[in-house]
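Just structure-v4.cif here, mmCIF, C-alpha atoms:
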```cif
data_my_file
#
loop_
_atom_site.label_atom_id
_atom_site.label_comp_id
_atom_site.auth_asym_id
_atom_site.auth_seq_id
_atom_site.Cartn_x
_atom_site.Cartn_y
_atom_site.Cartn_z
CA MET A 1 40.08 125.77 129.28
CA GLN A 2 37.45 128.39 130.26
CA GLN A 3 40.27 130.62 131.45
CA ASN A 4 42.07 130.20 128.13
CA TYR A 5 39.03 131.33 126.14
CA SER A 6 38.65 134.36 128.41
CA MET A 7 42.28 135.32 127.96
CA THR A 8 42.01 134.95 124.17
CA GLY A 9 38.94 137.19 124.06
CA LYS A 10 40.67 139.92 126.04
CA TYR A 11 43.76 139.68 123.85
CA LEU A 12 41.77 140.06 120.63
CA GLN A 13 39.69 142.91 122.04
CA GLN A 14 42.82 144.68 123.21
CA HIS A 15 44.29 144.59 119.70
CA LYS A 16 40.97 145.53 118.05
CA ILE A 17 41.02 142.60 115.61
CA SER A 18 37.88 142.18 113.49
CA LEU A 19 35.42 139.46 114.36
CA ALA A 20 36.12 137.63 111.09
CA LEU A 21 39.86 137.63 111.68
CA ALA A 22 39.39 136.62 115.29
CA MET A 23 37.51 133.56 114.13
CA LEU A 24 40.31 132.71 111.70
CA VAL A 25 42.92 133.09 114.41
CA VAL A 26 40.98 130.83 116.75
CA ILE A 27 40.57 128.25 113.98
CA SER A 28 44.30 128.36 113.28
CA PHE A 29 45.07 127.71 116.93
CA VAL A 30 42.60 124.85 117.20
CA PHE A 31 43.86 123.20 113.99
CA ALA A 32 47.44 123.39 115.22
CA GLY A 33 46.60 122.07 118.67
CA VAL A 34 48.38 124.97 120.32
CA PHE A 35 45.45 127.13 121.45
CA ALA A 36 46.05 126.74 125.15
CA SER A 37 49.79 127.24 125.06
CA VAL A 38 49.68 130.36 122.88
CA THR A 39 47.19 132.21 125.08
CA GLY A 40 49.29 131.53 128.14
CA THR A 41 52.73 132.36 126.75
CA LYS A 42 54.25 135.78 126.27
CA LYS A 43 55.95 136.26 122.89
CA SER A 44 59.55 137.36 122.80
CA GLN A 45 60.62 140.59 121.14
CA ASP A 46 62.13 138.60 118.22
CA GLN A 47 58.85 136.75 117.63
CA ARG A 48 56.90 140.01 117.56
CA SER A 49 59.38 141.46 115.08
CA GLN A 50 59.10 138.43 112.79
CA ALA A 51 55.29 138.50 112.90
CA ALA A 52 55.35 142.16 111.91
CA THR A 53 57.59 141.65 108.88
CA ASN A 54 56.16 138.40 107.47
CA SER A 55 53.22 138.98 105.15
CA ALA A 56 51.31 137.22 102.41
CA VAL A 57 50.25 138.46 98.97
CA ILE A 58 46.79 137.61 97.67
CA SER A 59 46.39 138.11 93.94
CA LEU A 60 44.14 137.63 90.95
CA GLN A 61 45.97 136.54 87.81
CA PRO A 62 46.47 137.63 85.13
CA GLY A 63 46.74 141.22 86.28
CA GLN A 64 45.52 142.52 82.91
CA GLN A 65 42.74 140.94 80.84
CA ASP A 66 41.72 142.17 77.38
CA THR A 67 38.46 140.79 76.04
CA ARG A 68 35.29 141.68 74.14
CA VAL A 69 31.61 141.83 74.95
CA GLY A 70 30.14 138.33 75.07
CA GLU A 71 33.45 136.56 75.63
CA LYS A 72 34.36 134.61 78.78
CA PHE A 73 37.63 134.69 80.70
CA THR A 74 39.02 132.96 83.78
CA LEU A 75 40.97 134.46 86.67
CA ALA A 76 43.06 132.50 89.16
CA LEU A 77 43.17 133.44 92.85
CA PHE A 78 46.57 132.79 94.45
CA LEU A 79 47.76 133.27 98.03
CA GLU A 80 51.54 133.72 98.09
CA VAL A 81 52.53 133.02 101.69
CA GLY A 82 56.24 132.27 101.58
CA ASP A 83 57.23 130.54 104.82
CA LEU A 84 54.08 131.55 106.68
CA ARG A 85 51.87 128.65 107.70
CA ILE A 86 48.37 129.65 106.61
CA SER A 87 45.53 127.98 108.47
CA ALA A 88 42.51 129.93 107.18
CA ALA A 89 41.47 132.65 104.72
CA ASP A 90 38.31 134.74 104.53
CA ILE A 91 38.00 136.25 101.03
CA THR A 92 35.62 138.77 99.46
CA ILE A 93 35.98 139.92 95.85
CA ASP A 94 34.15 142.86 94.27
CA TYR A 95 33.80 143.35 90.52
CA ASP A 96 32.54 146.16 88.31
CA ALA A 97 29.30 146.20 86.34
CA GLY A 98 30.99 145.49 83.01
CA VAL A 99 31.69 141.89 84.00
CA GLN A 100 29.51 139.10 85.32
CA LEU A 101 30.76 136.23 87.48
CA GLU A 102 29.28 132.99 86.14
CA LYS A 103 30.97 130.23 88.12
CA PHE A 104 33.87 129.35 90.40
CA GLU A 105 35.88 126.26 91.27
CA VAL A 106 37.65 125.70 94.59
CA THR A 107 40.90 123.74 94.76
CA GLN A 108 41.98 121.52 97.65
CA ALA A 109 44.80 123.82 98.77
CA LEU A 110 42.69 124.84 101.79
CA PRO A 111 40.36 121.83 101.91
CA VAL A 112 38.11 122.80 104.82
CA VAL A 113 35.15 124.94 103.73
CA LEU A 114 34.42 127.29 106.62
CA ARG A 115 31.86 129.27 104.63
CA ALA A 116 30.62 128.06 101.26
CA GLY A 117 31.46 130.14 98.21
CA ALA A 118 28.64 132.47 97.18
CA ILE A 119 28.04 134.76 94.21
CA ASN A 120 25.92 137.84 94.94
CA ALA A 121 25.05 139.08 91.46
CA GLY A 122 23.13 142.09 92.76
CA GLN A 123 26.01 143.35 94.90
CA ARG A 124 28.58 142.05 92.38
CA THR A 125 30.57 140.20 95.02
CA PHE A 126 32.00 136.75 95.63
CA SER A 127 32.89 135.49 99.10
CA ILE A 128 34.27 132.31 100.61
CA ALA A 129 36.12 131.19 103.75
CA LEU A 130 38.55 128.27 103.66
CA GLY A 131 40.73 126.51 106.22
CA SER A 132 43.53 123.99 106.32
CA GLY A 133 43.20 120.53 107.78
CA PRO A 134 44.43 119.75 111.30
CA GLN A 135 48.22 119.88 111.49
CA THR A 136 48.47 120.78 107.76
CA PRO A 137 48.87 124.56 107.38
CA VAL A 138 49.54 125.81 103.85
CA THR A 139 52.85 127.25 102.64
CA GLY A 140 54.17 128.35 99.25
CA SER A 141 51.91 129.96 96.63
CA PRO A 142 48.77 127.84 96.40
CA LEU A 143 45.97 128.35 93.88
CA LEU A 144 42.78 128.63 95.92
CA VAL A 145 39.97 129.40 93.47
CA THR A 146 39.37 129.91 89.75
CA LEU A 147 36.62 132.32 88.69
CA THR A 148 34.97 132.44 85.27
CA PHE A 149 33.58 135.82 84.17
CA LYS A 150 31.64 137.01 81.13
CA ALA A 151 32.22 140.45 79.62
CA VAL A 152 28.84 142.19 79.33
CA SER A 153 29.59 145.81 78.37
CA PRO A 154 32.54 147.70 76.86
CA GLY A 155 34.88 149.80 78.97
CA SER A 156 37.48 149.55 81.73
CA ASN A 157 36.68 147.40 84.76
CA THR A 158 38.41 145.87 87.75
CA VAL A 159 38.03 142.67 89.71
CA HIS A 160 39.48 143.40 93.13
CA PHE A 161 39.60 142.26 96.73
CA ASN A 162 37.52 143.96 99.40
CA GLN A 163 40.49 144.58 101.68
CA ALA A 164 38.39 145.19 104.80
CA MET A 165 36.77 141.77 104.39
CA THR A 166 39.69 139.74 103.01
CA GLN A 167 41.99 138.39 105.70
CA ALA A 168 44.17 135.38 106.41
CA ALA A 169 45.38 133.72 109.60
CA ALA A 170 48.71 131.98 110.09
CA LEU A 171 50.15 129.94 112.92
CA GLY A 172 52.13 132.09 115.32
CA ASN A 173 50.42 135.32 114.17
CA THR A 174 47.53 137.16 115.79
CA ALA A 175 46.90 139.70 113.04
CA ASN A 176 45.84 139.57 109.41
CA VAL A 177 48.94 138.35 107.54
CA ILE A 178 47.95 139.68 104.10
CA GLY A 179 50.26 142.56 103.25
CA ALA A 180 49.37 143.15 99.59
CA TYR A 181 46.24 142.80 97.46
CA ARG A 182 46.65 142.55 93.68
CA GLN A 183 43.67 143.04 91.41
CA THR A 184 42.90 142.40 87.74
CA SER A 185 42.17 145.22 85.32
CA VAL A 186 39.75 144.21 82.56
CA THR A 187 39.51 146.10 79.28
CA ILE A 188 36.41 145.15 77.30
CA GLY A 189 36.04 146.02 73.64
CA ASP A 190 32.91 146.02 71.51
CA GLN A 191 31.34 142.69 70.67
CA VAL A 192 32.91 140.83 67.77
CA VAL A 193 30.47 140.31 64.92
CA SER A 194 31.47 137.12 63.13
CA PRO A 195 30.67 137.06 59.41
CA LYS A 196 28.80 134.15 57.83
CA LEU A 197 29.60 132.19 54.70
CA THR A 198 27.39 130.22 52.32
CA ILE A 199 29.07 128.21 49.56
CA LYS A 200 27.82 126.70 46.32
CA VAL A 201 30.16 124.41 44.38
CA ALA A 202 29.84 121.55 41.87
CA GLN A 203 31.66 118.22 41.89
CA VAL A 204 32.75 116.16 38.90
CA GLY A 205 30.23 113.38 38.27
CA LEU A 206 27.69 114.47 40.90
CA SER A 207 24.15 115.14 39.67
CA LYS A 208 22.08 113.49 42.41
CA GLN A 209 20.07 115.39 45.02
CA ASP A 210 20.48 115.11 48.82
CA VAL A 211 24.04 113.83 48.80
CA ILE A 212 25.69 114.89 52.06
CA THR A 213 29.44 115.29 52.50
CA GLN A 214 31.78 116.88 55.01
CA ALA A 215 34.06 119.69 53.93
CA ASP A 216 37.14 121.49 55.21
CA ILE A 217 37.16 125.24 54.55
CA GLY A 218 40.31 127.35 54.50
CA LEU A 219 40.09 131.15 54.59
CA VAL A 220 42.93 133.56 53.89
CA TYR A 221 42.04 137.08 55.03
CA THR A 222 43.55 140.34 56.25
CA GLN A 223 42.64 141.75 59.66
CA GLN A 224 43.30 145.28 60.89
CA ASN A 225 44.70 145.44 64.42
CA ALA A 226 46.56 147.91 66.61
CA ALA A 227 49.91 146.99 65.04
CA GLY A 228 48.64 147.32 61.47
CA GLN A 229 47.33 144.84 58.92
CA GLU A 230 47.93 141.13 59.43
CA LYS A 231 47.31 138.31 56.96
CA LYS A 232 45.81 135.22 58.58
CA LEU A 233 44.64 131.70 57.79
CA LYS A 234 41.69 130.05 59.53
CA LEU A 235 40.27 126.56 59.05
CA TYR A 236 36.66 125.50 59.51
CA LYS A 237 34.56 122.38 59.05
CA THR A 238 31.08 122.31 57.58
CA GLU A 239 28.55 120.04 55.87
CA LEU A 240 27.44 120.30 52.25
CA THR A 241 24.23 118.93 50.73
CA SER A 242 23.55 118.64 47.00
CA ASN A 243 20.48 120.30 45.49
CA GLN A 244 18.34 118.97 42.64
CA SER A 245 21.05 119.94 40.16
CA GLY A 246 23.75 118.16 42.13
CA VAL A 247 25.36 121.41 43.30
CA LEU A 248 26.77 121.18 46.83
CA ILE A 249 25.54 123.90 49.20
CA THR A 250 26.06 124.77 52.85
CA LYS A 251 22.43 124.44 53.95
CA THR A 252 23.13 126.47 57.09
CA PRO A 253 25.43 129.49 56.75
CA LEU A 254 28.80 128.84 58.37
CA THR A 255 29.54 131.26 61.23
CA LEU A 256 33.18 132.29 60.96
CA GLU A 257 34.03 132.44 64.65
CA GLY A 258 37.30 134.14 65.45
CA ILE A 259 37.03 136.62 62.58
CA ASN A 260 35.92 140.17 63.37
CA GLN A 261 33.81 141.41 60.48
CA SER A 262 34.33 145.08 61.35
CA THR A 263 38.13 144.88 61.06
CA LEU A 264 38.36 142.82 57.86
CA VAL A 265 40.36 144.43 55.08
CA GLY A 266 39.73 143.64 51.42
CA MET A 267 38.79 140.25 49.99
CA THR A 268 38.89 136.83 51.63
CA GLU A 269 40.15 133.81 49.67
CA VAL A 270 38.14 130.60 50.10
CA TYR A 271 39.49 127.05 49.70
CA LEU A 272 37.44 123.87 50.04
CA LYS A 273 38.16 120.14 50.24
CA THR A 274 35.84 117.17 50.76
CA PRO A 275 37.16 113.76 51.91
CA TYR A 276 37.95 112.42 48.41
CA THR A 277 38.28 115.55 46.30
CA LEU A 278 41.31 117.75 45.81
CA SER A 279 41.39 121.07 47.63
CA LYS A 280 40.26 123.88 45.34
CA LYS A 281 40.34 127.65 45.52
CA LEU A 282 36.72 128.67 44.98
CA GLY A 283 37.40 132.38 44.66
CA SER A 284 37.41 135.52 46.80
CA ILE A 285 34.59 137.21 48.69
CA ASP A 286 34.04 140.50 50.49
CA LEU A 287 32.59 139.23 53.78
CA LYS A 288 31.60 142.76 54.79
CA GLN A 289 29.19 142.94 51.87
CA THR A 290 27.88 139.40 51.32
CA GLU A 291 27.92 135.90 52.75
CA LEU A 292 27.32 133.97 49.49
CA LEU A 293 30.17 132.62 47.39
CA ASP A 294 28.61 131.05 44.31
CA ALA A 295 31.27 128.80 42.79
CA SER A 296 28.80 126.45 41.11
CA ASP A 297 30.63 127.04 37.83
CA LYS A 298 33.68 125.32 39.33
CA LYS A 299 33.98 121.58 39.91
CA LEU A 300 35.75 119.70 42.66
CA VAL A 301 37.98 116.94 41.26
CA ILE A 302 37.22 113.52 42.75
CA GLY A 303 39.84 110.79 43.15
CA ASP A 304 41.93 111.45 46.27
CA PHE A 305 41.43 107.88 47.56
CA ASP A 306 44.93 106.96 48.70
CA GLN A 307 45.54 108.85 51.96
CA SER A 308 47.89 106.33 53.52
CA SER A 309 50.41 109.06 54.38
CA GLU A 310 50.60 112.84 54.53
CA GLN A 311 52.44 112.81 51.21
CA GLU A 312 49.53 111.00 49.55
CA LYS A 313 46.84 113.38 50.78
CA ASN A 314 45.42 116.06 48.48
CA VAL A 315 47.11 114.56 45.42
CA ILE A 316 45.89 112.18 42.69
CA ARG A 317 48.47 109.67 41.53
CA LEU A 318 48.41 106.26 39.88
CA THR A 319 47.67 104.57 43.22
CA ASP A 320 44.43 106.57 43.47
CA ILE A 321 43.35 105.27 40.05
CA VAL A 322 44.30 101.65 40.71
CA ALA A 323 42.19 101.43 43.89
CA PRO A 324 38.72 101.79 42.23
CA LEU A 325 39.82 99.56 39.33
CA GLN A 326 40.54 96.78 41.81
CA ALA A 327 37.01 97.14 43.20
CA TYR A 328 35.53 96.95 39.67
CA THR A 329 35.36 93.18 39.28
CA LEU A 330 31.84 93.01 37.82
CA LEU A 331 29.76 95.29 35.62
CA GLU A 332 27.83 96.29 38.72
CA ASN A 333 29.48 95.87 42.13
CA GLN A 334 27.56 96.17 45.38
CA LEU A 335 29.06 98.55 47.90
CA THR A 336 31.02 97.48 50.95
CA PRO A 337 32.41 99.74 53.69
CA GLU A 338 35.76 99.57 51.88
CA THR A 339 34.45 100.35 48.38
CA ALA A 340 31.70 102.90 49.17
CA LYS A 341 34.08 105.80 48.51
CA PHE A 342 34.46 104.68 44.87
CA ASP A 343 30.72 105.27 44.22
CA VAL A 344 31.44 108.79 43.00
CA ASP A 345 28.08 109.22 41.23
CA TYR A 346 26.19 108.03 44.33
CA ASN A 347 23.98 105.47 42.55
CA GLY A 348 24.68 102.72 45.10
CA LEU A 349 27.08 100.73 42.90
CA VAL A 350 30.67 100.71 41.74
CA ASP A 351 30.24 100.51 37.98
CA ILE A 352 31.71 101.69 34.70
CA ARG A 353 30.37 105.21 35.21
CA ASP A 354 32.35 105.60 38.44
CA ILE A 355 35.50 104.37 36.71
CA SER A 356 35.05 106.79 33.81
CA ILE A 357 34.52 109.74 36.19
CA VAL A 358 37.70 108.91 38.10
CA LEU A 359 39.71 108.39 34.91
CA SER A 360 38.52 111.75 33.57
CA SER A 361 40.36 113.43 36.45
CA PHE A 362 43.61 111.61 35.73
CA THR A 363 44.91 114.07 33.15
CA GLN A 364 48.53 113.93 34.30
CA LEU A 365 50.74 111.60 36.34
CA GLU A 366 50.35 113.76 39.44
CA LEU A 367 47.57 116.23 40.11
CA ARG A 368 47.76 118.29 43.30
CA GLY A 369 45.09 120.26 45.08
CA GLU A 370 45.29 124.02 45.50
CA VAL A 371 46.26 125.09 49.00
CA PRO A 372 46.22 128.45 50.82
#
```
Could you take the file, read its structure, and then write that structure out as structure tokens?
Amino acid sequence: MQQNYSMTGKYLQQHKISLALAMLVVISFVFAGVFASVTGTKKSQDQRSQAATNSAVISLQPGQQDTRVGEKFTLALFLEVGDLRISAADITIDYDAGVQLEKFEVTQALPVVLRAGAINAGQRTFSIALGSGPQTPVTGSPLLVTLTFKAVSPGSNTVHFNQAMTQAAALGNTANVIGAYRQTSVTIGDQVVSPKLTIKVAQVGLSKQDVITQADIGLVYTQQNAAGQEKKLKLYKTELTSNQSGVLITKTPLTLEGINQSTLVGMTEVYLKTPYTLSKKLGSIDLKQTELLDASDKKLVIGDFDQSSEQEKNVIRLTDIVAPLQAYTLLENQLTPETAKFDVDYNGLVDIRDISIVLSSFTQLELRGEVP
């Protein structure tokens, strides 16, 4: 065995293989259980030719990433090896100053950790060394690592392999088998400033303070992009609380994530629905100029109680009127989990006032909410 190690050392020195790759080659031989036989056997001309032509491709995907300052994105590190039998890989990735590597996750494709993954934020590098298990070299196109970056400054950047320090060993090969290195180009735009929205709106029959209800918000807006102007619809959820006059207000301004304030064009239409009111268009707002939409002169119509199917939602029909009438068996009815929604004036009872408020909304056989 001592003679075998000596012969291997001379062979590697003769071919001027790097120390890192030499270690990978040795590991590949040990894992395969063929270390002794390989060092003592001369390869045929056909074997040398095959070793020279077979090569792997190591890549970061996607190859192009468009993002904005403050946003995060994930790259996948693949090793496409074809019919090579990969036993170990030593990987170093460099990245430009416009991006920041926050975390990484290692798959089990090469399950043996030869050197733990490490992020060097100062040098802007990531390195790791992985190996296969005994008798289980890797073939195909395995995913080795996923890397999560954050865009920190605008401009063009790359995430790329340090080719001098990124190598792979395969059974039957004594040289680095990676033949191509594919990087990711990252284009980072300016940070998206999301507008905010504060809403004030009244509700039929509500005059009590500190009533809290959930609300669905629908926004129809126009965004300028590279291809021109595009009309879009976005949905949000928020919480409304009534003030001393019974007007519902978003106590905390709603941040409209996903909308870029700087590229908005014109006015934005705002629709709102609470669990038992019909959806209503509250008006339009220029989100570049203001965040307050005061629709307190408009009232949400209460009575959308029957939501047993999609067809029954956001519409008031006879079934919606019958439901609270069935709960009104006494002049004053205590609330239960099933009847609490009929307490539309929020006084803690289902009484004649609730019935009159609901009936006031029933002005036609079918009343539908306004939708974007």
Expected selection from the PyMOL selection byres ((chain A and resi 77-83) around 7), given as a ChimeraX atom specification: /A:55-61,75-76,84-85,139-146
Near stretch 116-122 of chain A, counting only C-alpha atoms, which residues have an atom at most 9 Å away, once you skip same-chain residues fewer than 5 positions from it, shown as a ChimeraX atom specification? /A:100-104,106,127-130
Quick one: pull the distance between atom CA of A:Val270 and atom CA of A:Lys251, Å, one decimal.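 Here the two named atoms are 17.3 Å from each other.
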Pick out the residues sitting within 6 Å of A:Ser194, and hand them over as a PDB file with C-alpha atoms, in the coordinates of the input; count only C-alpha atoms, and ignore anything fewer than 4 positions along from it in its own chain.
```
ATOM      1  CA  LEU A 256      33.180 132.290  60.960  1.00  0.00           C
ATOM      2  CA  GLU A 257      34.030 132.440  64.650  1.00  0.00           C
ATOM      3  CA  ILE A 259      37.030 136.620  62.580  1.00  0.00           C
ATOM      4  CA  ASN A 260      35.920 140.170  63.370  1.00  0.00           C
ATOM      5  CA  GLN A 261      33.810 141.410  60.480  1.00  0.00           C
TER       6      GLN A 261
END
```
Contacts of A:Gly63 at 8 Å (only C-alpha atoms; same-chain gap of 5+ positions) as a list in words: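 In the requested form, the answer reads Arg182, Gln183, Thr184 and Ser185 of chain A.
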Quick one: write out the picked residues with C-alpha atoms as a PDB file, in the frame of the given file?
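The resulting result.pdb:
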```pdb
ATOM      1  CA  ARG A 182      46.650 142.550  93.680  1.00  0.00           C
ATOM      2  CA  GLN A 183      43.670 143.040  91.410  1.00  0.00           C
ATOM      3  CA  THR A 184      42.900 142.400  87.740  1.00  0.00           C
ATOM      4  CA  SER A 185      42.170 145.220  85.320  1.00  0.00           C
TER       5      SER A 185
END
```
Atom CA of A:Gly205 to atom CA of A:Asp354: how many Å, to one decimal?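 Atom-to-atom, atom CA of A:Gly205 and atom CA of A:Asp354 are spaced 8.1 Å apart.
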Contacts of A:Phe362 at 9 Å (only C-alpha atoms; same-chain gap of 2+ positions) as a ChimeraX atom specification: /A:303,316-318,321,358-360,364-367
On this structure, which residues satisfy the PyMOL selection byres ((chain A and resi 218-234) around 12), written as a VMD selection string? chain A and resid 197 215 to 217 235 to 238 256 to 274 279 to 288 370 to 372
Could the residues of stretch 159-224 of chain A that have an atom at most 6 Å from stretch 91-96 of chain A be listed as a Markdown table, each with its closest atom pair and the distance in Å to one decimal, counting all atoms listed in the file and ordered by chain and ascending residue number?
```
| residue | atom | partner | partner_atom | distance |
| --- | --- | --- | --- | --- |
| A:Val159 | CA | A:Tyr95 | CA | 4.4 |
| A:His160 | CA | A:Asp94 | CA | 5.5 |
| A:Phe161 | CA | A:Ile93 | CA | 4.4 |
| A:Asn162 | CA | A:Thr92 | CA | 5.5 |
| A:Met165 | CA | A:Thr92 | CA | 5.9 |
| A:Thr166 | CA | A:Ile91 | CA | 4.4 |
```
Within 9 Å of (27.7, 126.0, 51.8) (file coordinates; only C-alpha atoms), which protein or nucleic acid residues are there? I'd like them as a PyMOL selection string. chain A and resi 197-201+238-241+248-254+292-293
